[in-house]
Amino acid sequence: MSGAAASGVTATTASAARSVGFDGTRFAHVATPTRDPLVADSLLVVDGGAVGWAMHVERFVASVERQGGDPDVAARAAAAAPDAVPRSGAWFPRLDWPHADDADGPVLHVRPAPTRVRRARVRTAEADPRSTPGVKGPDLTALAALREDARAEGADEAAIVVGDAIVDGATSAVVWWRDDVLHVPSGDLPRVDSVTARQVLALAAARGVRVLERRATPASLAGAEVWIVNALHGIRGVTAWAEPDGTHHELASPERADAWHAALERLRRPWT
C-alpha cells in the first residue's frame with residue numbers, strides 16, 4: 001500500500017500534554033485514570049476553533065446519561081473545557097466520564113494534535129472487539145489495538161464488519177460515493193454516532209447531494225470513492241482497501257475529498 005500524504009498542520013509540543021480533573025466548576029487538579037472511561041469525546045481545536053462543538057457536547061452528555069452518569073455535571077464539564085486548553089496551536093483534547101472509583105468527576109486530557117493527513121489505507125478487521133458499540137469510551141483500548149493491528153499490515157485504519165456489512169472504522173466513520181450519490185452505512189448497524197459524519201451529511205444537504213443508507217461489504221465498494229472521517233483528520237480519501245487474506249479492492253480516486261475537507265474546515269468556529 002502507498003504512504004499517506006501529510007497536511008500542513010503539525011503537532012503542538014508534546015511536553016504540554018496533561019490531564020486535569022473537573023471539581024464541579026473548573027478543571028484544576030491532576031487526575032490520570034488508567035482504564036477506559038465510561039464515556040469519551042475528543043475533537044480537534046486549532047487556534048481556539050473547533051468544528052461541531054455543540055454536537056460533541058450533545059453526544060457526550062447523552063452518552064453520560066446513558067451510562068448512568070449525571071448529565072448536568074457532564075454539561076458543566078463540557079462548558080468548562082475550553083478554558084483548560086491553550087488558545088493557540090493545534091490540540092486534540094479528550095473529555096472523559098471515568099468510572100466512579102477512578103476519579104471524582106470528569107477528566108480532560110489536554111493533548112497536542114498529531115499530524116493530520118488527507119489520505120489513508122484501510123484493512124478489514126478480522127473481528128469486532130466492541131463491547132458497547134453505541135458509546136465512545138468503553139472500547140478505546142480494544143479499538144486502538146485493532147488499528148495497530150492494521151498498521152502492522154501496512155494500513156492506517158481498520159474497518160469493522162458486522163455480518164457482511166461495513167459498520168465503522170476503529171477511529172472513524174466510513175462513507176462512500178457512487179456517481180454523485182453519497183452513501184452511509186445503514187442506520188440500524190451498531191456504531192457510535194459520528195459528529196464528523198453528521199457534519200458531512202449537513203454539507204451534503206446544503207449542496208443538494210442525495211444521500212442513501214446502504215449495507216455494503218468491503219468487496220462491494222470496488223470502484224467507489226471511499227472516505228473515512230473523524231474529528232482529528234476531518235475527511236481522508238481512502239486510496240487502498242485490503243482484506244486479511246491479502247485481497248485488495250480497487251477504489252476510485254478520492255477526487256472530491258480535499259474540496260469537501262476544505263468546506264468542513266470552514267465550519268471551524270471559536271469553541272468558547
# chains A, B, ... in the order shown; residues from 1 in each chain; ligands from 1
>>> residues_around(residues="region 107-112 of chain A", least_positions_apart="3", cutoff="9 Å", atoms="only C-alpha atoms", output="number ranges by chain")
A: 11-22, 27, 30-33, 77, 81, 84-86, 89-98, 103-104
>>> write_last_selection(atoms="N, CA and C atoms", output="tab-separated table (two decimals), in the first residue's frame")
chain	number	residue	atom	x	y	z
A	11	ALA	N	1.84	18.92	15.00
A	11	ALA	CA	1.51	18.81	16.42
A	11	ALA	C	2.16	19.93	17.22
A	12	THR	N	1.44	20.37	18.26
A	12	THR	CA	2.00	21.27	19.25
A	12	THR	C	2.95	20.46	20.13
A	13	THR	N	3.88	21.12	20.80
A	13	THR	CA	4.87	20.41	21.61
A	13	THR	C	4.23	19.41	22.56
A	14	ALA	N	4.72	18.19	22.55
A	14	ALA	CA	4.15	17.12	23.36
A	14	ALA	C	4.35	17.37	24.85
A	15	SER	N	5.32	18.21	25.22
A	15	SER	CA	5.58	18.44	26.64
A	15	SER	C	4.42	19.14	27.34
A	16	ALA	N	3.50	19.73	26.54
A	16	ALA	CA	2.37	20.45	27.14
A	16	ALA	C	1.20	19.54	27.47
A	17	ALA	N	1.27	18.26	27.14
A	17	ALA	CA	0.17	17.34	27.41
A	17	ALA	C	-0.03	17.17	28.91
A	18	ARG	N	-1.31	17.10	29.31
A	18	ARG	CA	-1.61	16.91	30.74
A	18	ARG	C	-3.04	16.43	30.87
A	19	SER	N	-3.38	15.92	32.05
A	19	SER	CA	-4.75	15.53	32.37
A	19	SER	C	-5.18	16.31	33.61
A	20	VAL	N	-6.39	16.83	33.57
A	20	VAL	CA	-6.91	17.62	34.69
A	20	VAL	C	-8.31	17.14	35.03
A	21	GLY	N	-8.69	17.29	36.30
A	21	GLY	CA	-9.99	16.82	36.76
A	21	GLY	C	-10.94	17.98	37.00
A	22	PHE	N	-12.23	17.72	36.82
A	22	PHE	CA	-13.27	18.73	37.00
A	22	PHE	C	-13.75	18.72	38.44
A	27	PHE	N	-11.65	22.92	35.64
A	27	PHE	CA	-10.65	21.85	35.63
A	27	PHE	C	-9.42	22.34	36.36
A	30	VAL	N	-4.88	17.43	39.10
A	30	VAL	CA	-4.42	16.39	38.19
A	30	VAL	C	-5.15	15.08	38.50
A	31	ALA	N	-5.60	14.40	37.45
A	31	ALA	CA	-6.23	13.09	37.60
A	31	ALA	C	-5.89	12.26	36.38
A	32	THR	N	-5.36	11.09	36.58
A	32	THR	CA	-4.93	10.27	35.45
A	32	THR	C	-5.41	8.83	35.57
A	33	PRO	N	-6.70	8.59	35.37
A	33	PRO	CA	-7.20	7.21	35.38
A	33	PRO	C	-6.49	6.38	34.31
A	77	ALA	N	-19.03	20.30	32.81
A	77	ALA	CA	-17.64	19.97	32.48
A	77	ALA	C	-17.32	20.36	31.03
A	81	ALA	N	-14.45	23.08	29.60
A	81	ALA	CA	-13.31	22.51	28.88
A	81	ALA	C	-12.51	23.54	28.08
A	84	ALA	N	-9.53	25.28	29.67
A	84	ALA	CA	-8.39	24.46	30.09
A	84	ALA	C	-7.45	24.12	28.94
A	85	VAL	N	-7.79	24.56	27.72
A	85	VAL	CA	-7.00	24.25	26.53
A	85	VAL	C	-6.37	25.54	25.99
A	86	PRO	N	-5.09	25.53	25.64
A	86	PRO	CA	-4.45	26.74	25.11
A	86	PRO	C	-5.18	27.31	23.90
A	89	GLY	N	-2.24	27.11	18.71
A	89	GLY	CA	-1.71	25.79	18.40
A	89	GLY	C	-2.80	24.80	18.06
A	90	ALA	N	-2.37	23.59	17.74
A	90	ALA	CA	-3.30	22.51	17.37
A	90	ALA	C	-3.36	21.50	18.50
A	91	TRP	N	-4.56	21.27	19.02
A	91	TRP	CA	-4.78	20.41	20.18
A	91	TRP	C	-5.87	19.39	19.87
A	92	PHE	N	-5.78	18.25	20.58
A	92	PHE	CA	-6.77	17.18	20.40
A	92	PHE	C	-7.26	16.74	21.78
A	93	PRO	N	-7.99	17.62	22.50
A	93	PRO	CA	-8.44	17.29	23.85
A	93	PRO	C	-9.48	16.17	23.85
A	94	ARG	N	-9.46	15.39	24.93
A	94	ARG	CA	-10.48	14.34	25.12
A	94	ARG	C	-11.11	14.50	26.48
A	95	LEU	N	-12.43	14.59	26.49
A	95	LEU	CA	-13.19	14.73	27.73
A	95	LEU	C	-13.75	13.37	28.10
A	96	ASP	N	-13.46	12.90	29.32
A	96	ASP	CA	-13.86	11.57	29.77
A	96	ASP	C	-14.85	11.66	30.93
A	97	TRP	N	-15.74	10.68	30.96
A	97	TRP	CA	-16.53	10.40	32.15
A	97	TRP	C	-16.00	9.07	32.70
A	98	PRO	N	-15.14	9.12	33.73
A	98	PRO	CA	-14.49	7.89	34.20
A	98	PRO	C	-15.39	7.06	35.11
A	103	ALA	N	-11.94	8.29	39.43
A	103	ALA	CA	-11.81	9.73	39.59
A	103	ALA	C	-13.09	10.28	40.19
A	104	ASP	N	-12.98	11.46	40.80
A	104	ASP	CA	-14.14	12.07	41.46
A	104	ASP	C	-15.11	12.72	40.48
>>> residues_around(residues="Phe60 (chain A)", least_positions_apart="6", cutoff="8 Å", atoms="only C-alpha atoms", output="ChimeraX atom specification")
/A:39-41,74
>>> write_last_selection(atoms="C-alpha atoms", output="compact mmCIF listing (two decimals), in the first residue's frame")
# COMPACT_ATOMS: atom_id res chain seq x y z
CA VAL A 39 -17.69 7.85 28.00
CA ALA A 40 -15.11 9.77 25.98
CA ASP A 41 -15.34 12.56 23.43
CA ALA A 74 -21.33 16.40 32.16
>>> select_by_dssp(residues="region 97-220 of chain A", states="alpha helix (DSSP H)", output="PyMOL selection string")
chain A and resi 140-152+195-206
>>> write_last_selection(atoms="N, CA, C and O atoms", output="CSV table (one decimal), in the first residue's frame")
chain,number,residue,atom,x,y,z
A,140,LEU,N,-12.1,2.0,24.0
A,140,LEU,CA,-10.9,2.8,23.4
A,140,LEU,C,-9.7,1.9,23.2
A,140,LEU,O,-9.0,1.9,22.2
A,141,THR,N,-9.4,1.1,24.3
A,141,THR,CA,-8.1,0.3,24.2
A,141,THR,C,-8.3,-0.8,23.1
A,141,THR,O,-7.3,-1.0,22.3
A,142,ALA,N,-9.4,-1.5,23.1
A,142,ALA,CA,-9.6,-2.5,22.1
A,142,ALA,C,-9.6,-2.0,20.7
A,142,ALA,O,-9.0,-2.6,19.8
A,143,LEU,N,-10.2,-0.8,20.5
A,143,LEU,CA,-10.2,-0.2,19.1
A,143,LEU,C,-8.8,0.3,18.7
A,143,LEU,O,-8.4,0.2,17.6
A,144,ALA,N,-8.0,0.8,19.7
A,144,ALA,CA,-6.7,1.2,19.4
A,144,ALA,C,-5.8,0.0,19.0
A,144,ALA,O,-5.0,0.1,18.1
A,145,ALA,N,-6.0,-1.1,19.7
A,145,ALA,CA,-5.3,-2.3,19.3
A,145,ALA,C,-5.7,-2.8,17.9
A,145,ALA,O,-4.8,-3.3,17.1
A,146,LEU,N,-7.0,-2.6,17.6
A,146,LEU,CA,-7.4,-3.0,16.2
A,146,LEU,C,-6.7,-2.2,15.2
A,146,LEU,O,-6.3,-2.7,14.1
A,147,ARG,N,-6.6,-0.9,15.4
A,147,ARG,CA,-5.9,0.0,14.5
A,147,ARG,C,-4.4,-0.3,14.4
A,147,ARG,O,-3.9,-0.3,13.3
A,148,GLU,N,-3.8,-0.7,15.5
A,148,GLU,CA,-2.4,-1.0,15.5
A,148,GLU,C,-2.2,-2.3,14.7
A,148,GLU,O,-1.2,-2.5,14.0
A,149,ASP,N,-3.1,-3.2,14.8
A,149,ASP,CA,-3.0,-4.5,14.0
A,149,ASP,C,-3.0,-4.1,12.5
A,149,ASP,O,-2.3,-4.7,11.7
A,150,ALA,N,-3.9,-3.2,12.1
A,150,ALA,CA,-4.0,-2.8,10.7
A,150,ALA,C,-2.7,-2.1,10.3
A,150,ALA,O,-2.2,-2.4,9.2
A,151,ARG,N,-2.1,-1.3,11.2
A,151,ARG,CA,-0.9,-0.6,10.9
A,151,ARG,C,0.3,-1.6,10.7
A,151,ARG,O,1.1,-1.4,9.8
A,152,ALA,N,0.2,-2.6,11.5
A,152,ALA,CA,1.3,-3.6,11.3
A,152,ALA,C,1.2,-4.3,10.0
A,152,ALA,O,2.2,-4.9,9.5
A,195,VAL,N,-19.9,12.6,14.9
A,195,VAL,CA,-20.1,14.0,14.7
A,195,VAL,C,-19.6,14.5,13.4
A,195,VAL,O,-20.3,15.3,12.7
A,196,THR,N,-18.5,14.0,13.0
A,196,THR,CA,-17.9,14.4,11.7
A,196,THR,C,-18.8,14.0,10.5
A,196,THR,O,-19.0,14.7,9.6
A,197,ALA,N,-19.3,12.7,10.6
A,197,ALA,CA,-20.1,12.2,9.6
A,197,ALA,C,-21.4,13.0,9.5
A,197,ALA,O,-21.9,13.3,8.4
A,198,ARG,N,-21.9,13.5,10.7
A,198,ARG,CA,-23.1,14.3,10.7
A,198,ARG,C,-22.8,15.7,10.0
A,198,ARG,O,-23.7,16.2,9.3
A,199,GLN,N,-21.6,16.2,10.2
A,199,GLN,CA,-21.3,17.4,9.6
A,199,GLN,C,-21.2,17.3,8.1
A,199,GLN,O,-21.6,18.1,7.3
A,200,VAL,N,-20.6,16.1,7.6
A,200,VAL,CA,-20.6,15.8,6.2
A,200,VAL,C,-22.0,15.7,5.6
A,200,VAL,O,-22.2,16.3,4.5
A,201,LEU,N,-22.9,15.1,6.3
A,201,LEU,CA,-24.2,15.0,5.8
A,201,LEU,C,-24.9,16.3,5.8
A,201,LEU,O,-25.7,16.6,4.9
A,202,ALA,N,-24.6,17.2,6.7
A,202,ALA,CA,-25.2,18.6,6.7
A,202,ALA,C,-24.6,19.3,5.4
A,202,ALA,O,-25.4,20.1,4.8
A,203,LEU,N,-23.3,19.2,5.1
A,203,LEU,CA,-22.8,19.8,3.9
A,203,LEU,C,-23.5,19.2,2.7
A,203,LEU,O,-23.8,20.0,1.7
A,204,ALA,N,-23.7,17.9,2.7
A,204,ALA,CA,-24.4,17.3,1.5
A,204,ALA,C,-25.8,17.9,1.4
A,204,ALA,O,-26.2,18.2,0.2
A,205,ALA,N,-26.5,18.0,2.5
A,205,ALA,CA,-27.9,18.6,2.4
A,205,ALA,C,-27.8,20.0,1.8
A,205,ALA,O,-28.7,20.4,1.0
A,206,ALA,N,-26.9,20.8,2.3
A,206,ALA,CA,-26.7,22.2,1.8
A,206,ALA,C,-26.4,22.3,0.4
A,206,ALA,O,-26.8,23.3,-0.3
>>> closest_residue(among="A:Ala231, A:Ala240, A:Val51, A:Leu251", to="Thr124 (chain A)", atoms="only C-alpha atoms")
A:Ala240
>>> select_by_dssp(residues="region 57-264 of chain A", states="strand (DSSP E)", output="PyMOL selection string")
chain A and resi 90-91+94-97+107-110+119-124+157-162+165-169+173-178+181-185+211-214+225-230+234-242+248-249
>>> closest_residue(among="A:His248, A:His99, A:Arg266, A:Arg236", to="Gly69 (chain A)", atoms="only C-alpha atoms")
A:His99
>>> closest_residue(among="A:Arg207, A:Arg121, A:Arg87, A:Arg215", to="Trp260 (chain A)", atoms="only C-alpha atoms")
A:Arg207
>>> closest_residue(among="A:Ala120, A:Ala159, A:Ala219, A:Ala173", to="Val238 (chain A)", atoms="only C-alpha atoms")
A:Ala120
>>> residues_around(residues="Ala224 (chain A)", least_positions_apart="4", cutoff="7 Å", atoms="only C-alpha atoms", output="count of residues only")
5
>>> closest_residue(among="A:Ala100, A:Val184, A:Val57, A:Val226", to="Pro37 (chain A)", atoms="only C-alpha atoms")
A:Ala100
>>> closest_residue(among="A:Asp102, A:Asp72, A:Glu65, A:Asp83", to="Arg35 (chain A)", atoms="only C-alpha atoms")
A:Asp102
>>> residues_around(residues="Asp258 (chain A)", least_positions_apart="5", cutoff="12 Å", atoms="only C-alpha atoms", output="list in words")
Ala5, Ser7, Val117, Arg118, Arg119, Trp227, His233, Gly234, Ile235, Arg236, Gly237, Val238, Ser253, Ala263, Leu264 and Glu265 of chain A
>>> write_last_selection(atoms="N, CA, C and O atoms", output="PDB file, in the first residue's frame")
ATOM      1  N   ALA A   5      -0.469  10.975   2.565  1.00  0.00           N
ATOM      2  CA  ALA A   5       0.065  12.310   2.388  1.00  0.00           C
ATOM      3  C   ALA A   5      -0.192  13.152   3.621  1.00  0.00           C
ATOM      4  O   ALA A   5      -1.297  13.202   4.136  1.00  0.00           O
ATOM      5  N   SER A   7      -0.584  16.639   5.897  1.00  0.00           N
ATOM      6  CA  SER A   7      -1.080  18.003   5.747  1.00  0.00           C
ATOM      7  C   SER A   7      -0.080  18.959   6.371  1.00  0.00           C
ATOM      8  O   SER A   7       0.918  18.575   6.947  1.00  0.00           O
ATOM      9  N   VAL A 117      -3.499  13.997   8.184  1.00  0.00           N
ATOM     10  CA  VAL A 117      -3.235  13.526   6.822  1.00  0.00           C
ATOM     11  C   VAL A 117      -4.523  13.545   6.006  1.00  0.00           C
ATOM     12  O   VAL A 117      -5.628  13.543   6.548  1.00  0.00           O
ATOM     13  N   ARG A 118      -4.371  13.570   4.699  1.00  0.00           N
ATOM     14  CA  ARG A 118      -5.523  13.663   3.807  1.00  0.00           C
ATOM     15  C   ARG A 118      -5.865  12.330   3.123  1.00  0.00           C
ATOM     16  O   ARG A 118      -6.889  12.222   2.477  1.00  0.00           O
ATOM     17  N   ARG A 119      -4.995  11.353   3.212  1.00  0.00           N
ATOM     18  CA  ARG A 119      -5.235  10.069   2.569  1.00  0.00           C
ATOM     19  C   ARG A 119      -5.015   8.953   3.574  1.00  0.00           C
ATOM     20  O   ARG A 119      -4.276   9.100   4.548  1.00  0.00           O
ATOM     21  N   TRP A 227     -14.348   7.445   1.692  1.00  0.00           N
ATOM     22  CA  TRP A 227     -13.723   8.321   2.685  1.00  0.00           C
ATOM     23  C   TRP A 227     -13.814   7.682   4.060  1.00  0.00           C
ATOM     24  O   TRP A 227     -14.770   6.942   4.354  1.00  0.00           O
ATOM     25  N   HIS A 233      -8.787  14.131  11.746  1.00  0.00           N
ATOM     26  CA  HIS A 233      -8.340  14.305  10.367  1.00  0.00           C
ATOM     27  C   HIS A 233      -9.375  14.969   9.468  1.00  0.00           C
ATOM     28  O   HIS A 233      -9.023  15.404   8.362  1.00  0.00           O
ATOM     29  N   GLY A 234     -10.613  15.045   9.906  1.00  0.00           N
ATOM     30  CA  GLY A 234     -11.656  15.528   9.013  1.00  0.00           C
ATOM     31  C   GLY A 234     -11.984  14.444   8.002  1.00  0.00           C
ATOM     32  O   GLY A 234     -12.400  13.336   8.367  1.00  0.00           O
ATOM     33  N   ILE A 235     -11.766  14.734   6.738  1.00  0.00           N
ATOM     34  CA  ILE A 235     -12.050  13.774   5.660  1.00  0.00           C
ATOM     35  C   ILE A 235     -10.735  13.257   5.086  1.00  0.00           C
ATOM     36  O   ILE A 235      -9.883  14.031   4.649  1.00  0.00           O
ATOM     37  N   ARG A 236     -10.583  11.936   5.104  1.00  0.00           N
ATOM     38  CA  ARG A 236      -9.445  11.303   4.441  1.00  0.00           C
ATOM     39  C   ARG A 236      -9.963  10.445   3.283  1.00  0.00           C
ATOM     40  O   ARG A 236     -10.844   9.607   3.472  1.00  0.00           O
ATOM     41  N   GLY A 237      -9.403  10.667   2.109  1.00  0.00           N
ATOM     42  CA  GLY A 237      -9.745   9.818   0.978  1.00  0.00           C
ATOM     43  C   GLY A 237      -9.011   8.497   1.085  1.00  0.00           C
ATOM     44  O   GLY A 237      -7.802   8.461   1.369  1.00  0.00           O
ATOM     45  N   VAL A 238      -9.727   7.396   0.889  1.00  0.00           N
ATOM     46  CA  VAL A 238      -9.126   6.061   1.002  1.00  0.00           C
ATOM     47  C   VAL A 238      -8.505   5.673  -0.337  1.00  0.00           C
ATOM     48  O   VAL A 238      -9.168   5.681  -1.379  1.00  0.00           O
ATOM     49  N   SER A 253     -10.365   7.027  -7.376  1.00  0.00           N
ATOM     50  CA  SER A 253      -9.544   8.087  -6.793  1.00  0.00           C
ATOM     51  C   SER A 253     -10.427   9.019  -5.968  1.00  0.00           C
ATOM     52  O   SER A 253     -11.526   9.392  -6.398  1.00  0.00           O
ATOM     53  N   ALA A 263     -14.292  22.494   2.856  1.00  0.00           N
ATOM     54  CA  ALA A 263     -15.605  23.007   3.267  1.00  0.00           C
ATOM     55  C   ALA A 263     -15.881  22.691   4.731  1.00  0.00           C
ATOM     56  O   ALA A 263     -16.446  23.511   5.468  1.00  0.00           O
ATOM     57  N   LEU A 264     -15.477  21.503   5.161  1.00  0.00           N
ATOM     58  CA  LEU A 264     -15.646  21.129   6.569  1.00  0.00           C
ATOM     59  C   LEU A 264     -14.820  22.048   7.467  1.00  0.00           C
ATOM     60  O   LEU A 264     -15.301  22.507   8.515  1.00  0.00           O
ATOM     61  N   GLU A 265     -13.602  22.357   7.055  1.00  0.00           N
ATOM     62  CA  GLU A 265     -12.745  23.238   7.846  1.00  0.00           C
ATOM     63  C   GLU A 265     -13.324  24.644   7.956  1.00  0.00           C
ATOM     64  O   GLU A 265     -13.104  25.338   8.955  1.00  0.00           O
TER      65      GLU A 265
END
>>> residues_around(residues="His183 (chain A)", least_positions_apart="3", cutoff="7 Å", atoms="only C-alpha atoms", output="JSON, numbers by chain")
{"A": [175, 176, 177, 211, 212, 213, 214]}
>>> atom_distance(atom1="CA of His249 (chain A)", atom2="CA of Asn230 (chain A)")
22.4 Å
>>> atom_distance(atom1="CA of Thr132 (chain A)", atom2="CA of Leu182 (chain A)")
27.3 Å
>>> atom_distance(atom1="CA of Met55 (chain A)", atom2="CA of Pro218 (chain A)")
29.2 Å
